[in-house]
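Inspection log for the structure reproduced underneath, given as structure tokens.
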Amino acid sequence: MNYEQPRQVDPKSNSPDAGKWRWTNMRDKKVWASGGCLSKVGEEACPGCGGKSEESPNVVCIDCGSSGKRGKYEPCPGHDTPEEAAQHNWEWEIDHFRLNAGKWVDPTRCQGPKCGRFATAFAKVPGDVAGGYTLCPRHMNTETLRLIHPVSGGSIHS
Ligand SMILES: [Zn+2]
Ligand SMILES: [Zn+2]
Ligand SMILES: [Zn+2]
């Protein structure tokens with residue numbers, strides 16, 4: 001299980017981000033910055049193959065798809081309140097929403113503001129298995145998601 005929510009860096013720790021809040025995930029008692037509070041800053045050599053799979057066709061690496069590289073991620077500087085951390089994650093969710101992520105078998109009503117047309121396509125929250133919004137073609141866009149997608153205080157998913 002993944003437990004996503006804003007968490008505070010120990011205020012007594014010696015790191016520069018002591019007492020700051022970030023959107024984090026916890027799985028198997030391990031905690032790390034996730035969602036909006038973890039951003040890609042570049043690429044680094046894949047630790048699985050040490051970058052070797054890029055040069056040598058004989059090295060096959062599943063970790064990096066034999067590209068020899070993987071994305072390098074760093075946590076954001078942190079926030080003063082849990083609400084700000086949740087907001088940061090929300091911005092990231094809006095940016096990473098998958099529009100037309102799939103289709104329902106039976107048409108359901110569009111969740112766009114004052115719409116209610118029948119639609120089958122849905123948009124999906126990144127990383128979250130359950131979250132999705134049914135939207136008609138007119139509302140399948142980021143502007144609509146900004147209006148209807150609430151800021152999450154936390155979530156539990158597999
Ligand atoms: Zn952040
Ligand atoms: Zn590799
Ligand atoms: Zn609509």
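In the structure tokens, the first chain shown is A, the next is B, and so on; residue numbers restart at 1 for each chain, and ligands run from 1 in the order shown.
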What are the closest atom pairs, with distances in Å to one decimal, for each residue of chain A lying within 6 Å of ligand 2, using only C-alpha atoms and all ligand atoms, rows by chain and rising residue number, as a Markdown table?
```
| residue | atom | partner | partner_atom_place_in_ligand_line | distance |
| --- | --- | --- | --- | --- |
| A:Cys46 | CA | ligand 2 | 1 (Zn) | 4.5 |
| A:Gly48 | CA | ligand 2 | 1 (Zn) | 4.5 |
| A:Cys49 | CA | ligand 2 | 1 (Zn) | 4.1 |
| A:Gly51 | CA | ligand 2 | 1 (Zn) | 5.8 |
| A:Ser53 | CA | ligand 2 | 1 (Zn) | 6.0 |
| A:Cys61 | CA | ligand 2 | 1 (Zn) | 4.5 |
| A:Asp63 | CA | ligand 2 | 1 (Zn) | 5.0 |
| A:Cys64 | CA | ligand 2 | 1 (Zn) | 4.3 |
| A:Ser66 | CA | ligand 2 | 1 (Zn) | 5.5 |
| A:Gly68 | CA | ligand 2 | 1 (Zn) | 4.7 |
```
Item to check | DSSP-assigned strand (DSSP E) members of chain A, reported as JSON, numbers by chain | outcome: {"A": [2, 3, 4, 5, 6, 7, 8, 21, 22, 23, 24, 25, 26, 27, 30, 31, 32, 33, 38, 39, 40, 41, 42, 43, 44, 45, 69, 70, 71, 72, 73, 74, 75, 98, 99, 100, 101, 102, 103, 104, 105, 106, 107, 108, 109, 118, 119, 120, 121, 122, 123, 124, 132, 133, 134, 155, 156, 157]}
Item to check | Shortest interatomic distance to ligand 3 - which of A:Ile148, A:Cys136, A:Ala45, A:Ala33, counting only C-alpha atoms and all ligand atoms | outcome: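 For ligand 3, the nearest of the candidates is A:Cys136.
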Next on the checklist: Let me see if you get this right: every residue at most 12 Å from ligand 1, counting only C-alpha atoms and all ligand atoms, written as a PyMOL selection string.
Outcome noted: chain A and resi 5-8+17+20-24+33-39+74-92
Output C-alpha atoms of each residue in that selection to a file, as a PDB file, in the first residue's frame.
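What ended up in result09.pdb:
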```pdb
ATOM      1  CA  GLN A   5       0.087  12.821   2.202  1.00  0.00           C
ATOM      2  CA  PRO A   6       1.991  15.942   3.276  1.00  0.00           C
ATOM      3  CA  ARG A   7       4.637  15.092   5.858  1.00  0.00           C
ATOM      4  CA  GLN A   8       6.995  17.324   7.836  1.00  0.00           C
ATOM      5  CA  ASP A  17      14.794  21.753   5.066  1.00  0.00           C
ATOM      6  CA  LYS A  20       9.469  22.020   6.016  1.00  0.00           C
ATOM      7  CA  TRP A  21       6.521  20.139   4.517  1.00  0.00           C
ATOM      8  CA  ARG A  22       6.496  18.079   1.353  1.00  0.00           C
ATOM      9  CA  TRP A  23       4.054  15.847  -0.470  1.00  0.00           C
ATOM     10  CA  THR A  24       5.354  12.370   0.275  1.00  0.00           C
ATOM     11  CA  ALA A  33       9.064  13.003  -1.545  1.00  0.00           C
ATOM     12  CA  SER A  34       6.657  12.273  -4.385  1.00  0.00           C
ATOM     13  CA  GLY A  35       4.246  13.880  -6.846  1.00  0.00           C
ATOM     14  CA  GLY A  36       4.713  17.621  -7.150  1.00  0.00           C
ATOM     15  CA  CYS A  37       7.433  17.747  -4.503  1.00  0.00           C
ATOM     16  CA  LEU A  38       9.757  15.489  -6.480  1.00  0.00           C
ATOM     17  CA  SER A  39      10.892  16.824  -9.831  1.00  0.00           C
ATOM     18  CA  GLU A  74      15.266  15.823  -6.507  1.00  0.00           C
ATOM     19  CA  PRO A  75      12.830  16.956  -3.821  1.00  0.00           C
ATOM     20  CA  CYS A  76      11.605  20.550  -3.912  1.00  0.00           C
ATOM     21  CA  PRO A  77      12.929  22.946  -1.214  1.00  0.00           C
ATOM     22  CA  GLY A  78       9.844  22.229   0.914  1.00  0.00           C
ATOM     23  CA  HIS A  79       6.892  24.272   2.134  1.00  0.00           C
ATOM     24  CA  ASP A  80       5.960  26.072   5.353  1.00  0.00           C
ATOM     25  CA  THR A  81       2.564  24.397   5.688  1.00  0.00           C
ATOM     26  CA  PRO A  82       0.984  21.035   4.755  1.00  0.00           C
ATOM     27  CA  GLU A  83      -1.608  22.980   2.701  1.00  0.00           C
ATOM     28  CA  GLU A  84       1.148  24.457   0.514  1.00  0.00           C
ATOM     29  CA  ALA A  85       2.648  21.012  -0.011  1.00  0.00           C
ATOM     30  CA  ALA A  86      -0.783  19.682  -1.042  1.00  0.00           C
ATOM     31  CA  GLN A  87      -1.186  22.640  -3.400  1.00  0.00           C
ATOM     32  CA  HIS A  88       2.214  21.936  -4.976  1.00  0.00           C
ATOM     33  CA  ASN A  89       1.168  18.343  -5.559  1.00  0.00           C
ATOM     34  CA  TRP A  90      -2.167  19.501  -7.006  1.00  0.00           C
ATOM     35  CA  GLU A  91      -0.395  21.678  -9.597  1.00  0.00           C
ATOM     36  CA  TRP A  92       1.676  18.663 -10.574  1.00  0.00           C
TER      37      TRP A  92
END
```
Would you list the contacts of range 106-116 of chain A as a CSV table (one decimal) with N, CA and C atoms, in the first residue's frame, taking every protein, DNA or RNA residue within 9 Å and counting only C-alpha atoms, but skipping same-chain residues closer than 6 positions in sequence?
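After the write, part26.csv holds the following:
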```csv
chain,number,residue,atom,x,y,z
A,122,PHE,N,-12.5,9.0,-20.2
A,122,PHE,CA,-12.2,9.6,-18.9
A,122,PHE,C,-10.7,10.0,-18.8
A,133,TYR,N,-12.1,11.1,-14.1
A,133,TYR,CA,-13.3,11.9,-14.4
A,133,TYR,C,-13.8,11.6,-15.8
A,134,THR,N,-15.1,11.3,-15.9
A,134,THR,CA,-15.7,11.1,-17.2
A,134,THR,C,-15.9,12.5,-17.8
A,135,LEU,N,-15.4,12.7,-19.0
A,135,LEU,CA,-15.5,14.0,-19.6
A,135,LEU,C,-15.9,13.9,-21.1
A,136,CYS,N,-16.8,14.8,-21.5
A,136,CYS,CA,-17.2,14.8,-23.0
A,136,CYS,C,-16.1,15.5,-23.7
A,138,ARG,N,-15.9,18.2,-25.2
A,138,ARG,CA,-15.8,19.7,-24.9
A,138,ARG,C,-15.0,19.9,-23.6
A,139,HIS,N,-15.1,19.0,-22.7
A,139,HIS,CA,-14.5,19.2,-21.4
A,139,HIS,C,-13.3,18.4,-21.1
A,140,MET,N,-12.8,17.7,-22.1
A,140,MET,CA,-11.6,16.9,-21.9
A,140,MET,C,-10.4,17.8,-22.1
A,144,THR,N,-10.9,22.4,-17.5
A,144,THR,CA,-12.0,21.8,-16.8
A,144,THR,C,-11.4,21.1,-15.5
A,145,LEU,N,-10.3,20.4,-15.7
A,145,LEU,CA,-9.8,19.7,-14.5
A,145,LEU,C,-9.4,20.6,-13.4
A,147,LEU,N,-11.0,23.1,-12.5
A,147,LEU,CA,-12.3,23.5,-11.9
A,147,LEU,C,-12.8,22.4,-11.0
A,148,ILE,N,-12.7,21.1,-11.5
A,148,ILE,CA,-13.4,20.0,-10.8
A,148,ILE,C,-12.5,19.2,-9.9
```
Item to check | DSSP-assigned helix (DSSP H, G or I) among range 73-126 of chain A, expressed as a ChimeraX atom specification | outcome: /A:82-96
Write a file of the just-selected residues containing C-alpha atoms, as a JSON list (two decimals), in the first residue's frame.
```
[["chain", "number", "residue", "atom", "x", "y", "z"],
["A", 82, "PRO", "CA", 0.98, 21.03, 4.76],
["A", 83, "GLU", "CA", -1.61, 22.98, 2.70],
["A", 84, "GLU", "CA", 1.15, 24.46, 0.51],
["A", 85, "ALA", "CA", 2.65, 21.01, -0.01],
["A", 86, "ALA", "CA", -0.78, 19.68, -1.04],
["A", 87, "GLN", "CA", -1.19, 22.64, -3.40],
["A", 88, "HIS", "CA", 2.21, 21.94, -4.98],
["A", 89, "ASN", "CA", 1.17, 18.34, -5.56],
["A", 90, "TRP", "CA", -2.17, 19.50, -7.01],
["A", 91, "GLU", "CA", -0.40, 21.68, -9.60],
["A", 92, "TRP", "CA", 1.68, 18.66, -10.57],
["A", 93, "GLU", "CA", -1.42, 16.44, -10.85],
["A", 94, "ILE", "CA", -3.12, 18.97, -13.14],
["A", 95, "ASP", "CA", 0.02, 19.09, -15.33],
["A", 96, "HIS", "CA", 0.28, 15.31, -15.47]]
```
Next on the checklist: Give me the residues near Met1 in chain A as a ChimeraX atom specification, where near means some atom within 7 Å (using only C-alpha atoms) and where sequence neighbours in that chain fewer than 5 positions away do not count.
Outcome noted: /A:27,156-158
Based on the selection just made, write C-alpha atoms of those residues as a tab-separated table (two decimals), in the first residue's frame.
```
chain	number	residue	atom	x	y	z
A	27	ARG	CA	5.39	2.31	1.51
A	156	ILE	CA	-4.19	5.46	0.07
A	157	HIS	CA	-3.78	3.25	-2.96
A	158	SER	CA	-2.12	0.02	-4.01
```
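Between CA of Lys40 in chain A and CA of Gly127 in chain A lies a distance of 15.7 Å.
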Next on the checklist: Need the shell around Ser155 in chain A: protein/DNA/RNA residues with any atom at most 9 Å away, counting only C-alpha atoms. Skip same-chain ones fewer than 6 positions apart. Format as a list of chain:residue names?
Outcome noted: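 Returned residues: A:Asn2, A:Tyr3, A:Glu4, A:Gln5, A:Asp128.
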Limited to N, CA and C atoms, could you put the picked residues into a file as a PDB file, in the first residue's frame?
```
ATOM      1  N   ASN A   2       0.398   2.268  -0.710  1.00  0.00           N
ATOM      2  CA  ASN A   2       1.054   3.574  -0.720  1.00  0.00           C
ATOM      3  C   ASN A   2       0.200   4.560   0.080  1.00  0.00           C
ATOM      4  N   TYR A   3       0.834   5.286   0.976  1.00  0.00           N
ATOM      5  CA  TYR A   3       0.127   6.282   1.770  1.00  0.00           C
ATOM      6  C   TYR A   3       0.688   7.647   1.412  1.00  0.00           C
ATOM      7  N   GLU A   4      -0.044   8.351   0.559  1.00  0.00           N
ATOM      8  CA  GLU A   4       0.420   9.666   0.120  1.00  0.00           C
ATOM      9  C   GLU A   4      -0.211  10.765   0.943  1.00  0.00           C
ATOM     10  N   GLN A   5       0.592  11.675   1.427  1.00  0.00           N
ATOM     11  CA  GLN A   5       0.087  12.821   2.202  1.00  0.00           C
ATOM     12  C   GLN A   5       1.237  13.796   2.463  1.00  0.00           C
ATOM     13  N   ASP A 128      -2.523   7.417  -9.500  1.00  0.00           N
ATOM     14  CA  ASP A 128      -3.620   6.920  -8.683  1.00  0.00           C
ATOM     15  C   ASP A 128      -4.466   5.952  -9.505  1.00  0.00           C
TER      16      ASP A 128
END
```
Next on the checklist: Between A:Val60, A:Ala121, A:Val41, A:Ala18, which residue has the minimum interatomic distance to Tyr73 in chain A, considering only C-alpha atoms?
Outcome noted: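 Distance minimum relative to Tyr73 in chain A lands on A:Val41.
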